[in-house]
Structures are given as structure tokens and as C-alpha cells.
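Data from work.csv: CSV, C-alpha atoms
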```
chain,number,residue,atom,x,y,z
F,155,MET,CA,87.0,83.4,97.9
F,156,SER,CA,88.9,86.6,98.8
F,157,GLY,CA,91.0,88.0,95.9
F,158,VAL,CA,90.6,88.6,92.2
F,159,ARG,CA,90.0,85.6,90.1
F,160,ALA,CA,92.2,85.3,87.1
F,161,GLY,CA,92.2,81.6,86.4
F,162,HIS,CA,91.7,79.4,83.3
F,163,GLY,CA,88.1,80.6,82.9
F,164,ALA,CA,89.3,84.1,82.4
F,165,MET,CA,91.3,83.1,79.3
F,166,GLU,CA,89.5,80.3,77.5
F,167,GLU,CA,91.8,80.4,74.5
F,168,GLU,CA,95.5,79.8,74.8
F,169,ARG,CA,96.3,82.6,72.4
F,170,MET,CA,94.7,86.0,72.5
F,171,THR,CA,94.9,89.0,70.3
F,172,ASN,CA,96.8,92.0,71.6
F,173,ARG,CA,93.6,93.9,71.9
F,174,GLU,CA,91.9,91.2,73.9
F,175,ARG,CA,94.9,90.8,76.2
F,176,ASP,CA,95.1,94.6,76.8
F,177,LEU,CA,91.4,94.7,77.6
F,178,TRP,CA,91.6,91.7,79.9
F,179,MET,CA,94.6,93.1,81.7
F,180,ARG,CA,93.0,96.6,82.1
F,181,GLN,CA,89.9,95.0,83.7
F,182,ILE,CA,92.0,92.9,86.1
F,183,ASN,CA,94.3,95.9,86.8
F,184,SER,CA,91.3,98.0,87.7
F,185,LEU,CA,90.1,95.4,90.2
F,186,ALA,CA,93.6,95.1,91.7
F,187,ILE,CA,94.0,98.8,92.3
F,188,GLU,CA,90.7,98.8,94.2
F,189,ARG,CA,92.2,96.2,96.4
F,190,ARG,CA,95.3,98.5,97.0
F,191,LEU,CA,98.1,96.0,96.2
F,192,SER,CA,100.8,95.9,98.9
F,193,ARG,CA,103.8,95.3,96.7
F,194,ARG,CA,103.0,94.0,93.2
F,195,ARG,CA,102.0,96.3,90.4
F,196,PHE,CA,100.4,94.8,87.4
F,197,LEU,CA,102.8,94.6,84.4
F,198,ALA,CA,99.7,94.7,82.1
F,199,GLY,CA,100.5,93.2,78.8
F,200,SER,CA,104.0,94.5,78.9
F,201,CYS,CA,107.5,93.6,78.1
F,202,VAL,CA,108.5,95.9,80.9
F,203,GLY,CA,111.8,97.8,81.0
F,204,LEU,CA,112.9,96.6,77.6
F,205,GLY,CA,113.6,98.3,74.3
F,206,ALA,CA,111.0,98.3,71.5
F,207,ALA,CA,112.9,95.5,69.8
F,208,ALA,CA,112.2,93.2,72.7
F,209,LEU,CA,108.5,93.8,72.9
F,210,ALA,CA,107.5,91.2,70.4
F,211,ALA,CA,109.3,88.6,72.4
F,212,CYS,CA,106.9,89.2,75.3
F,213,ALA,CA,103.7,88.8,73.6
F,214,PRO,CA,102.2,86.5,75.2
F,215,ALA,CA,104.9,83.8,75.7
F,216,PRO,CA,104.2,80.5,74.0
F,217,ALA,CA,104.1,77.3,75.9
F,218,ALA,CA,107.6,76.3,76.8
F,219,THR,CA,109.0,73.3,75.0
F,220,GLY,CA,111.5,70.7,76.2
F,221,GLY,CA,110.3,70.3,79.7
F,222,THR,CA,108.7,67.2,81.1
F,223,ALA,CA,104.9,67.7,81.4
F,224,PRO,CA,102.8,65.3,83.5
F,225,SER,CA,101.1,62.6,81.6
F,226,PRO,CA,97.4,62.9,81.0
F,227,GLY,CA,95.6,61.8,84.1
F,228,GLY,CA,98.8,61.7,86.1
F,229,SER,CA,98.7,59.0,88.7
F,230,GLY,CA,94.9,58.6,88.3
F,231,THR,CA,94.4,60.4,91.6
F,232,LEU,CA,95.1,64.0,90.6
F,233,GLY,CA,91.4,65.0,90.5
F,234,ASP,CA,90.2,67.7,88.2
F,235,THR,CA,91.2,70.9,89.9
F,236,LEU,CA,93.7,72.7,92.1
F,237,THR,CA,93.7,76.2,93.6
F,238,LEU,CA,96.8,78.3,93.3
F,239,ALA,CA,97.0,81.4,95.7
F,240,THR,CA,99.4,83.9,94.1
F,241,TRP,CA,100.2,87.4,93.0
F,242,PRO,CA,98.8,89.5,90.1
F,243,ASN,CA,100.2,88.8,86.6
F,244,TYR,CA,102.7,86.3,88.0
F,245,HIS,CA,102.2,83.3,85.7
F,246,ASP,CA,102.2,82.5,82.0
F,247,GLN,CA,98.7,81.4,81.0
F,248,ALA,CA,99.9,79.2,78.2
F,249,THR,CA,102.2,77.3,80.5
F,250,LEU,CA,99.3,76.8,83.0
F,251,ASP,CA,97.1,75.7,80.1
F,252,ARG,CA,99.6,73.1,79.0
F,253,PHE,CA,99.5,71.6,82.5
F,254,THR,CA,95.8,71.3,82.2
F,255,GLU,CA,96.0,69.8,78.8
F,256,ASN,CA,98.4,67.1,80.0
F,257,THR,CA,96.7,66.3,83.3
F,258,GLY,CA,93.1,67.3,83.0
F,259,VAL,CA,93.6,69.3,86.2
F,260,GLN,CA,92.0,72.8,86.0
F,261,ILE,CA,94.1,75.5,87.8
F,262,ASP,CA,91.9,77.9,89.7
F,263,VAL,CA,94.2,81.0,90.1
F,264,ALA,CA,93.2,83.1,93.1
F,265,VAL,CA,95.1,86.4,93.0
F,266,TYR,CA,95.9,88.3,96.2
F,267,GLY,CA,97.3,91.8,96.8
F,268,SER,CA,99.4,90.9,99.9
F,269,THR,CA,100.8,88.1,101.9
F,270,GLU,CA,98.6,89.2,104.7
F,271,GLU,CA,95.5,88.5,102.6
F,272,MET,CA,96.8,85.0,101.7
F,273,GLU,CA,97.6,84.3,105.4
F,274,ALA,CA,94.1,85.4,106.5
F,275,LYS,CA,92.5,83.0,104.1
F,276,ILE,CA,94.6,79.9,105.0
F,277,ARG,CA,94.6,80.7,108.7
F,278,ALA,CA,90.8,80.7,108.7
F,279,GLY,CA,90.9,77.0,107.6
F,280,ASN,CA,89.1,75.1,104.9
F,281,SER,CA,90.4,77.6,102.3
F,282,GLY,CA,90.4,75.2,99.5
F,283,ILE,CA,93.9,76.4,98.6
F,284,ASP,CA,96.5,73.8,97.5
F,285,VAL,CA,99.6,75.8,96.4
F,286,VAL,CA,100.3,79.2,97.9
F,287,VAL,CA,103.1,81.7,97.1
F,288,PRO,CA,104.0,83.8,100.2
F,289,SER,CA,106.8,86.3,100.6
F,290,ASN,CA,109.9,85.3,102.6
F,291,TYR,CA,109.0,87.1,105.8
F,292,ALA,CA,105.8,85.1,106.3
F,293,VAL,CA,107.2,81.6,105.8
F,294,GLU,CA,108.7,81.1,109.3
F,295,GLY,CA,105.5,82.0,111.1
F,296,TRP,CA,103.5,79.9,108.7
F,297,VAL,CA,105.7,76.9,109.5
F,298,GLN,CA,105.4,77.5,113.3
F,299,ASP,CA,101.6,77.7,113.0
F,300,GLY,CA,101.3,74.7,110.8
F,301,LEU,CA,99.8,76.5,107.9
F,302,ILE,CA,102.0,74.9,105.3
F,303,GLU,CA,103.4,71.3,105.1
F,304,PRO,CA,107.0,70.1,104.6
F,305,ILE,CA,107.8,69.7,100.9
F,306,ASP,CA,107.8,66.0,99.9
F,307,TYR,CA,110.7,66.2,97.5
F,308,ALA,CA,110.1,62.5,96.6
F,309,ARG,CA,107.0,63.7,94.7
F,310,LEU,CA,109.2,66.2,92.6
F,311,PRO,CA,111.3,63.9,90.4
F,312,ASN,CA,112.2,66.7,88.1
F,313,PHE,CA,113.4,69.1,90.8
F,314,VAL,CA,117.2,69.7,90.6
F,315,ARG,CA,118.3,71.7,93.7
F,316,GLU,CA,121.6,72.6,92.0
F,317,ASP,CA,119.7,74.6,89.3
F,318,TRP,CA,118.7,77.2,91.9
F,319,ASN,CA,120.7,80.3,92.7
F,320,SER,CA,122.3,79.9,96.1
F,321,LEU,CA,121.4,83.5,97.0
F,322,PHE,CA,117.8,82.4,97.3
F,323,MET,CA,118.2,79.0,98.8
F,324,ASP,CA,118.7,77.7,102.3
F,325,GLN,CA,117.8,81.0,103.9
F,326,ALA,CA,117.2,81.6,107.6
F,327,PHE,CA,113.4,81.8,107.1
F,328,ASP,CA,113.4,78.2,105.8
F,329,PRO,CA,116.7,76.3,106.4
F,330,GLY,CA,117.2,73.6,103.9
F,331,ASN,CA,114.1,74.7,102.0
F,332,LYS,CA,112.0,72.1,103.9
F,333,TYR,CA,108.8,74.1,103.4
F,334,SER,CA,109.3,76.4,100.4
F,335,ILE,CA,110.9,76.5,97.0
F,336,PRO,CA,111.8,79.9,95.5
F,337,LYS,CA,109.9,81.2,92.6
F,338,ASN,CA,110.6,84.9,91.8
F,339,TRP,CA,112.5,87.5,93.7
F,340,GLY,CA,113.0,91.3,93.5
F,341,THR,CA,114.0,94.5,95.2
F,342,THR,CA,112.5,97.5,96.8
F,343,GLY,CA,114.1,100.5,95.2
F,344,ILE,CA,113.9,104.1,94.1
F,345,ALA,CA,112.0,105.2,91.0
F,346,TYR,CA,112.3,108.7,89.7
F,347,ARG,CA,111.9,110.8,86.5
F,348,SER,CA,115.2,112.2,85.5
F,349,SER,CA,113.6,115.0,83.5
F,350,LYS,CA,112.5,116.5,86.8
F,351,VAL,CA,114.9,115.1,89.3
F,352,THR,CA,118.3,116.4,88.3
F,353,GLU,CA,120.3,114.5,90.9
F,354,ASP,CA,121.5,110.9,90.3
F,355,VAL,CA,119.6,109.5,93.2
F,356,SER,CA,121.5,106.5,94.6
F,357,SER,CA,120.7,106.0,98.3
F,358,TRP,CA,117.9,106.0,100.7
F,359,LYS,CA,119.6,108.7,102.7
F,360,GLN,CA,119.5,110.9,99.6
F,361,PHE,CA,116.0,109.9,98.8
F,362,PHE,CA,114.5,111.0,102.1
F,363,GLU,CA,116.5,114.2,102.2
F,364,LEU,CA,115.3,115.2,98.7
F,365,ALA,CA,111.7,114.1,99.5
F,366,GLY,CA,111.6,116.6,102.4
F,367,THR,CA,113.4,119.5,100.7
F,368,ARG,CA,113.9,120.1,97.0
F,369,TYR,CA,111.1,117.8,95.9
F,370,GLU,CA,108.6,118.6,98.6
F,371,GLY,CA,105.1,117.6,97.4
F,372,ARG,CA,106.5,115.4,94.6
F,373,ALA,CA,107.6,112.3,96.5
F,374,LEU,CA,105.7,109.2,97.4
F,375,ILE,CA,106.4,106.4,99.9
F,376,VAL,CA,104.5,103.1,99.7
F,377,ASP,CA,101.8,102.0,102.2
F,378,HIS,CA,103.8,99.1,103.5
F,379,GLN,CA,105.6,99.2,106.8
F,380,ILE,CA,108.4,96.8,105.8
F,381,SER,CA,109.2,98.7,102.6
F,382,SER,CA,108.8,102.3,103.7
F,383,PHE,CA,109.6,102.1,107.5
F,384,GLY,CA,112.4,99.7,106.6
F,385,SER,CA,113.9,101.9,103.9
F,386,ALA,CA,113.7,105.0,106.2
F,387,ALA,CA,115.6,102.9,108.9
F,388,VAL,CA,118.3,102.1,106.3
F,389,ALA,CA,118.5,105.8,105.5
F,390,MET,CA,119.3,106.5,109.1
F,391,GLY,CA,121.9,103.9,109.4
F,392,TYR,CA,119.8,101.1,110.9
F,393,SER,CA,118.8,97.7,109.7
F,394,LEU,CA,115.8,97.3,107.5
F,395,ASN,CA,114.5,94.9,110.2
F,396,THR,CA,115.1,97.1,113.3
F,397,ILE,CA,112.8,96.5,116.2
F,398,ASP,CA,115.0,98.4,118.6
F,399,PRO,CA,112.7,100.9,120.5
F,400,THR,CA,115.2,103.8,120.3
F,401,GLU,CA,115.8,103.3,116.6
F,402,MET,CA,112.1,102.8,115.8
F,403,ALA,CA,111.3,106.0,117.7
F,404,ALA,CA,113.9,107.9,115.6
F,405,VAL,CA,112.5,106.5,112.3
F,406,GLU,CA,108.9,107.4,113.4
F,407,GLU,CA,110.0,111.0,114.3
F,408,MET,CA,111.6,111.4,110.9
F,409,LEU,CA,108.7,110.0,108.9
F,410,THR,CA,106.1,111.9,110.9
F,411,ALA,CA,108.0,115.1,110.1
F,412,LEU,CA,108.2,114.1,106.4
F,413,LYS,CA,104.6,113.1,106.0
F,414,PRO,CA,103.1,116.6,105.3
F,415,LYS,CA,105.8,117.2,102.7
F,416,LEU,CA,104.9,114.0,100.7
F,417,PHE,CA,102.6,113.8,97.8
F,418,ALA,CA,101.1,110.7,99.3
F,419,ILE,CA,101.6,107.4,101.2
F,420,SER,CA,100.2,105.0,98.7
F,421,SER,CA,101.1,101.6,97.1
F,422,ASP,CA,99.5,102.8,93.8
F,423,VAL,CA,103.0,104.0,92.7
F,424,GLN,CA,102.7,104.0,88.9
F,425,PRO,CA,99.9,106.5,88.0
F,426,PRO,CA,101.3,109.5,89.7
F,427,LEU,CA,104.9,108.7,88.6
F,428,ARG,CA,103.7,108.3,85.0
F,429,ASN,CA,101.6,111.5,85.1
F,430,LEU,CA,104.5,113.5,86.7
F,431,ASP,CA,102.4,114.2,89.8
F,432,THR,CA,105.3,112.5,91.6
F,433,TRP,CA,108.9,112.7,90.5
F,434,LEU,CA,110.4,110.5,93.2
F,435,SER,CA,109.0,107.3,94.7
F,436,ILE,CA,109.7,104.2,96.6
F,437,ALA,CA,108.9,101.4,94.2
F,438,TRP,CA,109.2,97.7,93.7
F,439,THR,CA,110.9,95.9,90.8
F,440,GLY,CA,107.7,95.7,88.8
F,441,ASP,CA,107.0,99.4,89.0
F,442,GLY,CA,110.5,100.3,87.9
F,443,VAL,CA,110.4,97.9,85.0
F,444,GLN,CA,107.1,99.0,83.6
F,445,VAL,CA,107.5,102.7,84.0
F,446,GLY,CA,110.9,102.5,82.5
F,447,ARG,CA,109.5,100.7,79.5
F,448,ASP,CA,107.1,103.5,78.7
F,449,ASN,CA,109.1,106.6,79.7
F,450,GLU,CA,112.6,107.2,78.5
F,451,ASP,CA,113.5,109.4,81.5
F,452,ALA,CA,112.3,106.9,84.1
F,453,ARG,CA,115.0,105.4,86.4
F,454,TYR,CA,114.9,102.6,88.9
F,455,VAL,CA,117.7,102.3,91.4
F,456,VAL,CA,118.7,99.7,94.0
F,457,ALA,CA,119.9,101.9,96.8
F,458,SER,CA,123.6,101.8,97.6
F,459,ASP,CA,123.1,102.0,101.4
F,460,GLY,CA,121.0,98.9,101.6
F,461,GLY,CA,117.3,98.0,101.6
F,462,GLU,CA,115.0,95.1,100.9
F,463,LEU,CA,115.5,92.0,98.9
F,464,TRP,CA,112.5,89.7,98.7
F,465,ILE,CA,111.7,86.2,97.6
F,466,ASP,CA,108.3,84.6,96.8
F,467,SER,CA,108.2,80.9,97.1
F,468,TYR,CA,106.0,77.9,96.3
F,469,THR,CA,104.5,76.2,99.3
F,470,VAL,CA,101.8,73.5,99.9
F,471,ALA,CA,99.0,74.4,102.2
F,472,ALA,CA,98.7,72.0,105.2
F,473,ASP,CA,95.1,71.4,104.5
F,474,ALA,CA,95.4,71.2,100.7
F,475,PRO,CA,92.4,69.3,99.4
F,476,HIS,CA,94.2,68.3,96.1
F,477,ARG,CA,97.6,67.3,97.3
F,478,GLU,CA,98.5,65.0,94.5
F,479,ALA,CA,97.6,67.7,91.9
F,480,ALA,CA,99.6,70.2,93.9
F,481,TYR,CA,102.8,68.2,93.7
F,482,ALA,CA,102.2,67.3,90.0
F,483,PHE,CA,101.9,71.1,89.4
F,484,LEU,CA,105.1,71.9,91.3
F,485,ASP,CA,107.1,69.2,89.6
F,486,TYR,CA,106.0,70.7,86.3
F,487,ILE,CA,106.2,74.5,86.9
F,488,LEU,CA,109.6,74.3,88.6
F,489,GLN,CA,111.4,72.9,85.6
F,490,PRO,CA,113.6,75.5,83.8
F,491,GLU,CA,111.6,75.7,80.6
F,492,GLN,CA,108.3,76.4,82.4
F,493,ALA,CA,110.1,78.8,84.8
F,494,ALA,CA,111.6,80.7,81.9
F,495,ALA,CA,108.2,81.1,80.3
F,496,GLU,CA,106.8,82.5,83.6
F,497,THR,CA,109.6,85.1,83.8
F,498,THR,CA,109.2,86.1,80.2
F,499,ALA,CA,105.5,86.7,80.9
F,500,SER,CA,105.8,88.4,84.3
F,501,LEU,CA,109.3,90.0,84.0
F,502,PHE,CA,110.1,89.2,87.6
F,503,PRO,CA,113.5,87.6,88.0
F,504,HIS,CA,113.5,83.9,88.6
F,505,ALA,CA,115.5,82.0,91.3
F,506,ASN,CA,116.3,79.1,88.9
F,507,ASP,CA,119.6,79.8,87.1
F,508,LYS,CA,118.9,77.4,84.3
F,509,ALA,CA,115.6,79.2,83.7
F,510,THR,CA,117.4,82.5,83.6
F,511,ALA,CA,119.9,81.1,81.1
F,512,LEU,CA,117.0,80.3,78.7
F,513,LEU,CA,115.7,83.9,78.7
F,514,ASP,CA,116.2,86.3,75.8
F,515,ALA,CA,119.2,88.5,76.4
F,516,GLU,CA,116.9,91.6,76.5
F,517,ILE,CA,115.4,90.2,79.7
F,518,ARG,CA,118.4,88.4,81.2
F,519,GLU,CA,120.8,91.3,80.8
F,520,ASN,CA,118.4,94.0,81.9
F,521,GLU,CA,119.8,95.4,85.1
F,522,VAL,CA,116.5,96.6,86.4
F,523,ILE,CA,115.2,93.0,86.3
F,524,TYR,CA,118.4,91.3,87.2
F,525,PRO,CA,120.6,93.7,89.2
F,526,PRO,CA,124.3,92.8,89.3
F,527,ALA,CA,125.5,91.0,92.5
F,528,ASP,CA,127.3,94.0,93.9
F,529,LYS,CA,124.0,96.0,93.9
F,530,LEU,CA,122.4,93.3,96.0
F,531,ALA,CA,125.2,92.8,98.5
F,532,LYS,CA,123.9,95.3,101.1
F,533,LEU,CA,120.2,94.3,100.8
F,534,GLU,CA,118.4,92.4,103.6
F,535,TYR,CA,115.5,90.0,103.6
F,536,ALA,CA,112.6,91.2,105.8
F,537,VAL,CA,112.1,88.7,108.7
F,538,ASN,CA,109.1,87.3,110.4
F,539,ALA,CA,109.8,89.4,113.6
F,540,THR,CA,109.6,92.5,111.5
F,541,TYR,CA,106.5,91.4,109.7
F,542,ASN,CA,104.7,90.5,112.9
F,543,SER,CA,106.1,93.3,115.2
F,544,PRO,CA,103.1,95.0,116.9
F,545,GLU,CA,105.4,97.9,117.8
F,546,ARG,CA,106.4,98.5,114.1
F,547,ALA,CA,102.7,98.2,113.1
F,548,GLU,CA,101.7,100.7,115.7
F,549,ALA,CA,104.4,103.1,114.7
F,550,TRP,CA,103.4,102.9,111.1
F,551,ALA,CA,99.8,103.5,112.0
F,552,ARG,CA,100.7,106.6,113.9
F,553,ILE,CA,102.8,107.9,111.0
F,554,LYS,CA,99.9,107.5,108.6
F,555,ALA,CA,97.4,109.1,111.0
F,556,SER,CA,99.6,112.1,111.8
F,557,ALA,CA,98.7,115.5,110.4
```
Step by step, read the file and then write its structure as C-alpha cells.
Amino acid sequence: MSGVRAGHGAMEEERMTNRERDLWMRQINSLAIERRLSRRRFLAGSCVGLGAAALAACAPAPAATGGTAPSPGGSGTLGDTLTLATWPNYHDQATLDRFTENTGVQIDVAVYGSTEEMEAKIRAGNSGIDVVVPSNYAVEGWVQDGLIEPIDYARLPNFVREDWNSLFMDQAFDPGNKYSIPKNWGTTGIAYRSSKVTEDVSSWKQFFELAGTRYEGRALIVDHQISSFGSAAVAMGYSLNTIDPTEMAAVEEMLTALKPKLFAISSDVQPPLRNLDTWLSIAWTGDGVQVGRDNEDARYVVASDGGELWIDSYTVAADAPHREAAYAFLDYILQPEQAAAETTASLFPHANDKATALLDAEIRENEVIYPPADKLAKLEYAVNATYNSPERAEAWARIKASA
């Protein structure tokens, strides 16, 4: 199975000492870095982006209480296992364990570094995957190609559509949420060290100008065409999703000229930012939260001129071998109590408003994790045409290969 395994067998006990958790996360993190994660950075054992007083609350989150867990044995046809294809450090192990305790169904967590890796696995067929968590820009294509099945909401008696934030529901990539149910969401933003970067960096236009001038050799852009090419497009006044040939040529020219002035093009954002090898970086929510936790001068900014807003959603693979178990799991994990425990563990914002209301104030009110609505207003979701555009892929390849 492609991807790092981080399932139930990796943590046989529900509670771990801090030392054991730190060791375990360091080992998994090392593997993930080798795989060059495309967006997610591990939030290893952290209460990321929070003050010291909040750290104890993150450590690891206990099993949520008050939700409706499946009865042992479920319908009698659940089987004894299901496979969840997901992102690194995205789930609360105690919450997963409680599902297993109540149903007898072991959750095999297969961790992937990108939506592309997930897609390759399920597209090959006979993947063994039951539940998969793609990013928004892949869902439309997966539906068209029959890789995921329509959600059978009759099998989700505890799902309450009104609990979900309307910003993340009924989007163009899945009208009516026929195939997907949002899990977590986040932003692509600007991370910088204010002890070195004296400007209040607030826009992509400013980011790219500073990267090529005052902070030459100290800026990093991520190795992901949607996030880096798209953010550069926004800086030039275009859409994140542009596939217009003239606009793409202009973006390519700008980034090709910028490349020799960069520290690197790399999705391994955190180490150089922590070590002050880089002072200015494109980053995702998780990077901003974790680096901000550990460095007082670290800042994470949602750009004022626009950029990327993303959603990861639960879907059911069309050839899921354990469909009954998959639906029992979704009915359980989507309840607010379980969803809140997941966010407390991962510190990625959740799309379920009732889950958000259950979070500690240090998480719920942290504007790096939950930016205010006005900061999100100009952001765009990347779309399937952008994700699958051969012209953008080729332009990005030429930028990276340039001298």
C-alpha cells in the first residue's frame, strides 16, 4: 500500500506518555518528509499556534463524550476492518479507537502526502480503500470517472446538514454534497519571521516583490502548482485558477525570473523557516500554526489580495470492500463531539459549526486556525480544471527546471 501507515497498530494503547508520543510523531514525520508532502505539514505532538496555557488541552485529546457511538457489532455485517485514506496527523487516535471498541472494526489508516497519490491508488483499482479524504479540486474529476460513489445519507442517521458551515457546503465541485461531506478546511498563506522581515507583509503582490528584492535568497515557495503558481497569479491580478494562455505566460515569466533569487522551491516549509534559513515563505495553515507556536516572532497571514481556500472531504470509494463499515464510521466521526476531538488533535479548522462551538476558546478564537470571515472573502477554491490542466503542469515544470 502506497503511503505511510499510521493506523491502530501504530498506537496499541489509547493513552501514551508525552515522550512516547513525541518519539512516535518524530518517526512518522521523518517518513513523511521523505515523501515530500504536497500541502500538509505534520503538527507533531503539538498544540499549534497557541499559548503555553493551552498546551495541556492538546495532549492527546481524550475520547469525546456525548456522541452516539455505533453499537458493538453494528448491523452484524460491518466486518472487522476498514481502510481510511487520509492526510498526516489528521485524526484523534482515541476517537478512532473508540469506534473500534464499539464496533470491533479495526481502522487501517493509510496516510498520503497528496491528493495525487490518493488518486493514483484508487484509480488503479482494487485499492482496498473504503473512505478517502481528497481535497476539493479533485472531487469533480473523481465523480466523473466513477472513483467515488454517491453518499447514501440514509445510512447516516446522525448527520445533521444544518450543523455544517454554509461556506463549505454545496460548492461547485459537488453541488448538494452528493458525493462528499466536508471534514477540515484551511488556507494557503504567507509565513514570515518578523525579527528579520520588518514589513507587515499582507499581500501576495508584496510577498513576491520582497522575495525578489530585499529578501533575495531568503524566500521559499512551495512545490505545488496550485499554491505557488496560483498565488503568483493572484499577485499579478489574475485568478488563482487562471488557465488563460496570456496570463499563464506572464506568471511563468515572473516566476522564472524569480527562481534564482529564491532560497528554494520546496514543500518542506518548516525547517528552513524555523532555522532562519528562510525569513519569508508560502505556507499552509498547519505550517503557520506550528511555527507560530514555537517562535514568538513567527507570523502567518491570509493575503489581502486573495489566494487559496481549501476543503478536505470524506468520500466513499466506489469499490469500497467494507461499505457497511465505511458508513458506520462516517456516521460516527461526523458527529460534533467526534469532530471537535479531531480538530483538537490536528488543529485544522472543522467545517462543522457545532464541533467548532465545542472547542476550547484558545483554539476556536485563534485567528491563525479560524481566520475571520473578512479575511476569507477574497479567497478561491482551486478547481478541477486547474488541478488537471496540462498547460499549467507544463509551465510549472519549466519554472522548476529553469536555471
List every residue of region 344-394 of chain F that has an atom at most 12 Å from any atom of region 514-529 of chain F, giving for each one its closest atom pair and the distance in Å to one decimal, counting all atoms listed in the file, sorted by chain and then by ascending residue number, as CSV.
```
residue,atom,partner,partner_atom,distance
F:Ile344,CA,F:Val522,CA,11.1
F:Ala345,CA,F:Val522,CA,10.7
F:Ser356,CA,F:Lys529,CA,10.8
F:Ser357,CA,F:Lys529,CA,11.4
```
- Query: Nearest to Asp246 (chain F) among F:Arg315, F:Thr439, F:Val263, F:Ser393, with distances taken over all atoms listed in the file: which residue is it?
  - Reply: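 With all atoms listed in the file as the atom set, the closest residue is F:Val263.
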- For Glu406 (chain F), which residue out of F:Gly384, F:Gly371, F:Pro475, F:Gly233 is the nearest one, using only C-alpha atoms?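 Closest candidate: F:Gly384.
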- Just give me the gap between CA of Ala539 (chain F) and CA of Thr396 (chain F) in Å, one decimal is fine.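 So the answer is 9.4 Å.
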- Task: Select, from F:Gln247, F:Thr235, F:Thr352, F:Gln298, the residue with the minimum atom-to-atom distance to Asp262 (chain F), counting all atoms listed in the file.
- Result: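 Using all atoms listed in the file, Asp262 (chain F) sits closest to F:Thr235.
Of the residues under consideration (F:Ala326, F:Ala292, F:Ala557, F:Val287), F:Ala292 shows the shortest atom-to-atom contact distance to Glu270 (chain F) when counting only C-alpha atoms.
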- Could you give me, as a list in words, the residues within 6 Å of Ile419 (chain F), counting all atoms listed in the file and dropping anything in the same chain fewer than 6 positions from it? Leu374, Ile375, Val376 and Asp377 of chain F
- Could you pull out every residue with an atom within 8 Å of (108.0, 91.2, 110.6), file coordinates, counting only C-alpha atoms, and send them as a list in words?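 Every polymer residue passing the test: Tyr291, Ala292, Ile380, Asn395, Ala536, Val537, Asn538, Ala539, Thr540, Tyr541, Asn542 and Ser543 of chain F.
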- Item | Residues near Leu394 (chain F), cut-off 9 Å, only C-alpha atoms, skip fewer than 5 positions along chain, as a VMD selection string | chain F and resid 380 to 381 383 to 388 460 to 462 533 to 536 540
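Across F:Glu548, F:Asp473, F:Pro414, F:Ser334, the tightest approach to Asn280 (chain F) is made by F:Asp473 when counting only C-alpha atoms.
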